[in-house]
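A.B. asks: To be precise about what I am sending: the file is called query27.cif and holds mmCIF, C-alpha atoms.
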data_upload
loop_
_atom_site.label_atom_id
_atom_site.label_comp_id
_atom_site.auth_asym_id
_atom_site.auth_seq_id
_atom_site.Cartn_x
_atom_site.Cartn_y
_atom_site.Cartn_z
CA GLY A 11 5.98 -155.13 -175.74
CA GLN A 12 9.61 -155.30 -174.76
CA ASN A 13 12.69 -154.76 -176.91
CA ILE A 14 16.20 -154.95 -175.51
CA ASP A 15 19.30 -154.51 -177.64
CA GLN A 16 22.91 -155.32 -176.81
CA PRO A 17 25.94 -155.87 -179.03
CA THR A 18 26.45 -159.56 -179.72
CA GLU A 19 30.19 -159.71 -179.16
CA MET A 20 33.01 -157.53 -177.86
CA THR A 21 36.73 -158.07 -177.45
CA ALA A 22 39.04 -156.22 -175.09
CA THR A 23 42.55 -156.49 -173.72
CA GLU A 24 43.50 -157.54 -170.21
CA GLY A 25 43.91 -154.48 -167.97
CA ALA A 26 41.78 -152.25 -170.21
CA ILE A 27 38.31 -150.74 -169.71
CA VAL A 28 35.26 -151.88 -171.66
CA GLN A 29 31.74 -150.47 -171.86
CA ILE A 30 28.81 -152.73 -172.76
CA ASN A 31 25.73 -150.86 -173.90
CA CYS A 32 22.08 -151.80 -173.58
CA THR A 33 19.11 -149.97 -175.04
CA TYR A 34 15.54 -150.83 -174.25
CA GLN A 35 11.98 -150.02 -175.18
CA THR A 36 9.40 -151.20 -172.71
CA SER A 37 5.77 -150.63 -171.85
CA GLY A 38 6.50 -150.78 -168.12
CA PHE A 39 9.85 -150.09 -166.48
CA ASN A 40 10.82 -150.68 -162.89
CA GLY A 41 14.58 -151.01 -163.04
CA LEU A 42 17.39 -152.60 -165.01
CA PHE A 43 19.64 -155.51 -164.07
CA TRP A 44 23.01 -156.68 -165.29
CA TYR A 45 23.98 -160.34 -164.93
CA GLN A 46 27.21 -162.17 -165.74
CA GLN A 47 27.09 -165.65 -167.22
CA HIS A 48 30.17 -167.79 -167.79
CA ALA A 49 29.88 -170.45 -170.48
CA GLY A 50 27.90 -173.46 -169.28
CA GLU A 51 26.99 -171.82 -165.98
CA ALA A 52 24.05 -170.00 -164.44
CA PRO A 53 23.75 -166.20 -164.54
CA THR A 54 24.94 -164.31 -161.47
CA PHE A 55 23.60 -160.93 -160.39
CA LEU A 56 25.91 -157.95 -160.91
CA SER A 57 23.87 -154.76 -160.48
CA TYR A 58 20.46 -153.12 -160.36
CA ASN A 59 19.63 -149.53 -161.37
CA VAL A 60 16.25 -147.91 -160.92
CA LEU A 61 17.27 -144.24 -160.76
CA ASP A 62 19.31 -142.31 -163.32
CA GLY A 63 23.03 -142.20 -162.74
CA LEU A 64 26.04 -144.32 -162.07
CA GLU A 65 26.29 -147.12 -159.51
CA GLU A 66 29.81 -148.32 -158.72
CA LYS A 67 30.76 -151.70 -157.28
CA GLY A 68 34.46 -152.31 -157.28
CA ARG A 69 35.70 -152.85 -160.83
CA PHE A 70 32.15 -152.87 -162.19
CA SER A 71 29.88 -149.83 -162.64
CA SER A 72 26.42 -149.57 -164.16
CA PHE A 73 24.74 -146.48 -165.58
CA LEU A 74 21.10 -145.78 -166.35
CA SER A 75 19.30 -143.05 -168.30
CA ARG A 76 15.57 -143.67 -168.15
CA SER A 77 14.69 -140.83 -170.52
CA LYS A 78 16.97 -142.32 -173.20
CA GLY A 79 16.13 -145.96 -172.51
CA TYR A 80 19.84 -146.61 -172.15
CA SER A 81 22.19 -148.36 -169.77
CA TYR A 82 25.79 -149.44 -169.81
CA LEU A 83 28.00 -151.74 -167.80
CA LEU A 84 31.57 -150.53 -167.35
CA LEU A 85 34.29 -153.03 -166.52
CA LYS A 86 37.65 -151.66 -165.39
CA GLU A 87 41.04 -153.36 -165.06
CA LEU A 88 39.86 -156.27 -167.13
CA GLN A 89 40.94 -159.74 -166.08
CA MET A 90 40.86 -162.96 -168.08
CA LYS A 91 38.12 -164.26 -165.79
CA ASP A 92 35.85 -161.44 -167.00
CA SER A 93 35.45 -163.33 -170.28
CA ALA A 94 31.74 -164.17 -170.12
CA SER A 95 28.34 -163.20 -171.44
CA TYR A 96 26.76 -160.09 -169.92
CA LEU A 97 22.98 -159.97 -169.85
CA CYS A 98 20.92 -156.81 -169.58
CA ALA A 99 17.41 -157.32 -168.15
CA VAL A 100 14.50 -154.94 -167.61
CA ARG A 101 12.38 -155.38 -164.53
CA GLN A 102 8.80 -154.65 -165.44
CA THR A 103 6.17 -152.87 -163.40
CA ASN A 104 4.86 -156.33 -162.55
CA ALA A 105 7.68 -157.20 -160.18
CA GLY A 106 7.68 -160.88 -161.00
CA LYS A 107 8.57 -160.29 -164.64
CA SER A 108 11.97 -159.45 -166.05
CA THR A 109 12.81 -159.43 -169.74
CA PHE A 110 16.34 -160.28 -170.84
CA GLY A 111 18.37 -159.16 -173.81
CA ASP A 112 20.30 -161.75 -175.81
CA GLY A 113 23.54 -160.94 -174.01
CA THR A 114 26.96 -159.63 -175.02
CA THR A 115 29.80 -162.13 -175.18
CA LEU A 116 32.97 -160.44 -173.95
CA THR A 117 36.34 -161.98 -174.75
CA VAL A 118 39.33 -160.68 -172.82
CA LYS A 119 42.67 -161.24 -174.56
CA PRO A 120 46.14 -161.13 -173.00
CA ASN B 19 22.11 -172.98 -147.42
CA ALA B 20 21.84 -174.89 -150.68
CA GLY B 21 20.37 -171.88 -152.55
CA VAL B 22 18.36 -172.86 -155.63
CA THR B 23 18.48 -176.57 -156.45
CA GLN B 24 17.37 -177.92 -159.82
CA THR B 25 16.95 -181.56 -160.71
CA PRO B 26 17.76 -183.31 -162.94
CA LYS B 27 20.87 -181.64 -164.40
CA PHE B 28 20.51 -183.48 -167.72
CA GLN B 29 17.53 -185.15 -169.36
CA VAL B 30 16.76 -186.75 -172.71
CA LEU B 31 13.09 -187.17 -173.62
CA LYS B 32 11.32 -188.65 -176.58
CA THR B 33 8.78 -186.54 -178.43
CA GLY B 34 5.42 -186.75 -176.70
CA GLN B 35 6.74 -187.74 -173.28
CA SER B 36 5.93 -185.65 -170.24
CA MET B 37 8.16 -184.83 -167.32
CA THR B 38 8.60 -182.46 -164.40
CA LEU B 39 11.66 -180.31 -163.79
CA GLN B 40 12.13 -179.76 -160.09
CA CYS B 41 13.18 -176.50 -158.44
CA ALA B 42 13.58 -175.93 -154.72
CA GLN B 43 14.99 -173.01 -152.74
CA ASP B 44 15.76 -172.80 -149.03
CA MET B 45 16.02 -169.01 -148.72
CA ASN B 46 12.33 -168.37 -148.05
CA HIS B 47 12.10 -166.32 -151.24
CA GLU B 48 8.63 -165.28 -152.38
CA TYR B 49 9.46 -164.72 -156.06
CA MET B 50 10.36 -167.63 -158.30
CA SER B 51 10.69 -167.88 -162.08
CA TRP B 52 11.41 -170.37 -164.82
CA TYR B 53 13.44 -169.36 -167.86
CA ARG B 54 14.67 -171.18 -170.93
CA GLN B 55 17.87 -170.30 -172.72
CA ASP B 56 18.52 -171.37 -176.30
CA PRO B 57 22.05 -171.31 -177.76
CA GLY B 58 23.43 -167.79 -178.20
CA MET B 59 20.34 -166.19 -176.78
CA GLY B 60 19.18 -164.59 -173.60
CA LEU B 61 16.72 -165.92 -171.10
CA ARG B 62 13.05 -166.11 -171.94
CA LEU B 63 10.51 -166.17 -169.13
CA ILE B 64 8.20 -169.19 -169.13
CA HIS B 65 6.21 -168.83 -165.90
CA TYR B 66 6.68 -166.99 -162.65
CA SER B 67 5.26 -166.84 -159.13
CA VAL B 68 5.10 -164.03 -156.59
CA GLY B 69 4.18 -166.29 -153.70
CA ALA B 70 2.69 -169.64 -152.73
CA GLY B 71 -0.54 -170.28 -154.59
CA ILE B 72 0.11 -167.53 -157.17
CA THR B 73 1.48 -168.19 -160.65
CA ASP B 74 1.35 -166.35 -163.96
CA GLN B 75 2.53 -166.70 -167.53
CA GLY B 76 5.68 -165.23 -168.97
CA GLU B 77 6.71 -164.72 -172.59
CA VAL B 78 6.73 -168.37 -173.72
CA PRO B 79 4.27 -170.38 -171.57
CA ASN B 80 2.82 -172.72 -174.20
CA GLY B 81 3.55 -176.38 -173.54
CA TYR B 82 4.44 -175.81 -169.88
CA ASN B 83 2.55 -175.85 -166.60
CA VAL B 84 3.62 -174.76 -163.13
CA SER B 85 2.29 -174.90 -159.59
CA ARG B 86 3.41 -173.27 -156.34
CA SER B 87 1.89 -175.15 -153.44
CA THR B 88 4.72 -174.21 -151.06
CA THR B 89 7.15 -171.29 -150.82
CA GLU B 90 10.10 -173.66 -151.35
CA ASP B 91 9.08 -175.56 -154.48
CA PHE B 92 8.25 -174.45 -158.01
CA PRO B 93 8.11 -177.43 -160.40
CA LEU B 94 7.84 -176.98 -164.17
CA ARG B 95 5.88 -179.61 -166.07
CA LEU B 96 6.32 -180.32 -169.77
CA LEU B 97 3.00 -181.68 -170.97
CA SER B 98 4.01 -183.35 -174.25
CA ALA B 99 7.67 -182.78 -175.12
CA ALA B 100 8.57 -181.44 -178.56
CA PRO B 101 12.00 -180.96 -180.19
CA SER B 102 11.44 -177.18 -179.99
CA GLN B 103 11.63 -177.52 -176.21
CA THR B 104 15.25 -178.63 -176.36
CA SER B 105 16.96 -175.98 -174.26
CA VAL B 106 18.62 -175.16 -170.97
CA TYR B 107 16.08 -174.42 -168.26
CA PHE B 108 16.91 -172.16 -165.33
CA CYS B 109 14.92 -171.66 -162.18
CA ALA B 110 15.52 -168.47 -160.18
CA SER B 111 14.32 -166.99 -156.91
CA SER B 112 14.32 -163.59 -155.22
CA PRO B 113 13.05 -162.25 -151.90
CA ASP B 114 11.50 -159.17 -153.51
CA GLY B 115 11.67 -159.34 -157.29
CA TYR B 116 15.04 -157.62 -157.42
CA GLY B 117 18.34 -159.52 -157.80
CA TYR B 118 17.57 -163.15 -158.57
CA THR B 119 19.59 -166.21 -157.57
CA PHE B 120 19.68 -168.83 -160.31
CA GLY B 121 19.90 -172.58 -160.09
CA SER B 122 22.57 -174.44 -162.06
CA GLY B 123 20.17 -175.36 -164.84
CA THR B 124 18.65 -178.45 -166.47
CA ARG B 125 19.89 -179.34 -169.94
CA LEU B 126 16.97 -180.92 -171.79
CA THR B 127 17.14 -182.65 -175.15
CA VAL B 128 13.98 -183.82 -176.89
CA VAL B 129 14.51 -186.36 -179.67
#
What's the structure tokens form of this structure?

C.D. replies:
Amino acid sequence: GQNIDQPTEMTATEGAIVQINCTYQTSGFNGLFWYQQHAGEAPTFLSYNVLDGLEEKGRFSSFLSRSKGYSYLLLKELQMKDSASYLCAVRQTNAGKSTFGDGTTLTVKP
Amino acid sequence: NAGVTQTPKFQVLKTGQSMTLQCAQDMNHEYMSWYRQDPGMGLRLIHYSVGAGITDQGEVPNGYNVSRSTTEDFPLRLLSAAPSQTSVYFCASSPDGYGYTFGSGTRLTVV
């Protein structure tokens, strides 16, 4: 089976750095995604990690440790528009299947 | 390119009615999926397809059917709507099973 855990809510201040954690237990693992979802909108792809380590994309970075079943999304220089839900998803060995966590709602305050 | 197009955007059904949610993509993507998202929760996979003529069940397939007769289209059929199927439905596509592009969603209410 699949089990993916993320904090439900986080709050951070504009201009700060925030780290959103995701832990997973899965019977088949073939990578981990992060998606951003603004309220009332569709998810948009942020990152994909399949190897251990840090992947950096501008203000956003994603980290993966396969041995620990752990990932995090790091957001730097927070902006108000970063207020959204962030979804962690595990891509299974069967490439057509991805399992999502319940998401972390991030609120950025002035 | 239109990307992933879902229709309708909103729908109200009565219990027991059937309907088809449409999904079309113009990116020649092989992989397509249907998800439902309930309030405050993540996405749960209903059905998915890895190419035309190939479909398989996800986590929550009961009450739903799919078909994939062409690469472009992946309709989701509700057989007999129930209030528990009230949700937001997202269709998504990918060229290779990696980063998916999502449609804008269908908001379904079953009364």

A.B. asks: Pick from B:Tyr66, B:Tyr107, B:Phe28, B:Tyr82: nearest to chain A, with all atoms listed in the file counted?

C.D. replies: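 Looking at the shortest contact to chain A, the residue is B:Tyr66.
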
A.B. asks: Near chain B, meaning an atom within 6 Å, which residues of chain A appear when counting all atoms listed in the file? Write them as a PyMOL selection string.

C.D. replies: chain A and resi 52+105-106+110-113

A.B. asks: Quick one: residues within 12 Å of Ala99 (chain B), all atoms listed in the file counted, chain neighbours fewer than 3 positions away excluded, as a ChimeraX atom specification?

C.D. replies: /B:29-38,80-82,95-96,102-105,126-129

A.B. asks: Work out how far CA of Ser71 (chain A) is from CA of Asn13 (chain A), in Å to one decimal.

C.D. replies: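 That distance, rounded to one decimal, is 22.9 Å.
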
A.B. asks: With distances taken over only C-alpha atoms, which of B:Thr89, B:Thr124, B:Thr25, B:Asn83 is nearest to Asn46 (chain B)?

C.D. replies: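 Of B:Thr89, B:Thr124, B:Thr25, B:Asn83, the one nearest Asn46 (chain B), counting only C-alpha atoms, is B:Thr89.
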
A.B. asks: Nearest to Pro53 (chain A): which of A:Ser95, A:Ser72, A:Gln29, A:Val100 is it, counting only C-alpha atoms?

C.D. replies: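 Comparing A:Ser95, A:Ser72, A:Gln29, A:Val100 against Pro53 (chain A), the winner is A:Ser95.
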
A.B. asks: My list of candidates is A:Ala99, A:Leu116, A:Leu85, A:Ile14. Which is closest to Asn59 (chain A) when distances are computed with all atoms listed in the file?

C.D. replies: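 Result for the nearest residue to Asn59 (chain A): A:Ala99.
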
A.B. asks: Between CA of Tyr96 (chain A) and CA of Tyr45 (chain A), what is the distance, to one decimal in Å?

C.D. replies: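 Rounded to one decimal, the two atoms are 5.7 Å apart.
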
A.B. asks: Run the PyMOL selection byres ((chain A and resi 38) around 10) on the file and write out the hits as a PyMOL selection string.

C.D. replies: chain A and resi 11-12+35-37+39-41+100-104

A.B. asks: Evaluated on this file, the PyMOL selection byres ((chain A and resi 90) around 8) picks out some residues - which ones are they, written as a PDB file with C-alpha atoms, in the coordinates of the input?

C.D. replies:
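Below is the file that was written, part.pdb:
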ATOM      1  CA  GLU A  24      43.500-157.540-170.210  1.00  0.00           C
ATOM      2  CA  LEU A  88      39.860-156.270-167.130  1.00  0.00           C
ATOM      3  CA  GLN A  89      40.940-159.740-166.080  1.00  0.00           C
ATOM      4  CA  LYS A  91      38.120-164.260-165.790  1.00  0.00           C
ATOM      5  CA  ASP A  92      35.850-161.440-167.000  1.00  0.00           C
ATOM      6  CA  SER A  93      35.450-163.330-170.280  1.00  0.00           C
ATOM      7  CA  VAL A 118      39.330-160.680-172.820  1.00  0.00           C
ATOM      8  CA  LYS A 119      42.670-161.240-174.560  1.00  0.00           C
ATOM      9  CA  PRO A 120      46.140-161.130-173.000  1.00  0.00           C
TER      10      PRO A 120
END

A.B. asks: Just to confirm, what's the straight-line distance from CA of Ser85 (chain B) to CA of Gly71 (chain B) in Å (one decimal)?

C.D. replies: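 Distance reported for this atom pair: 7.4 Å.
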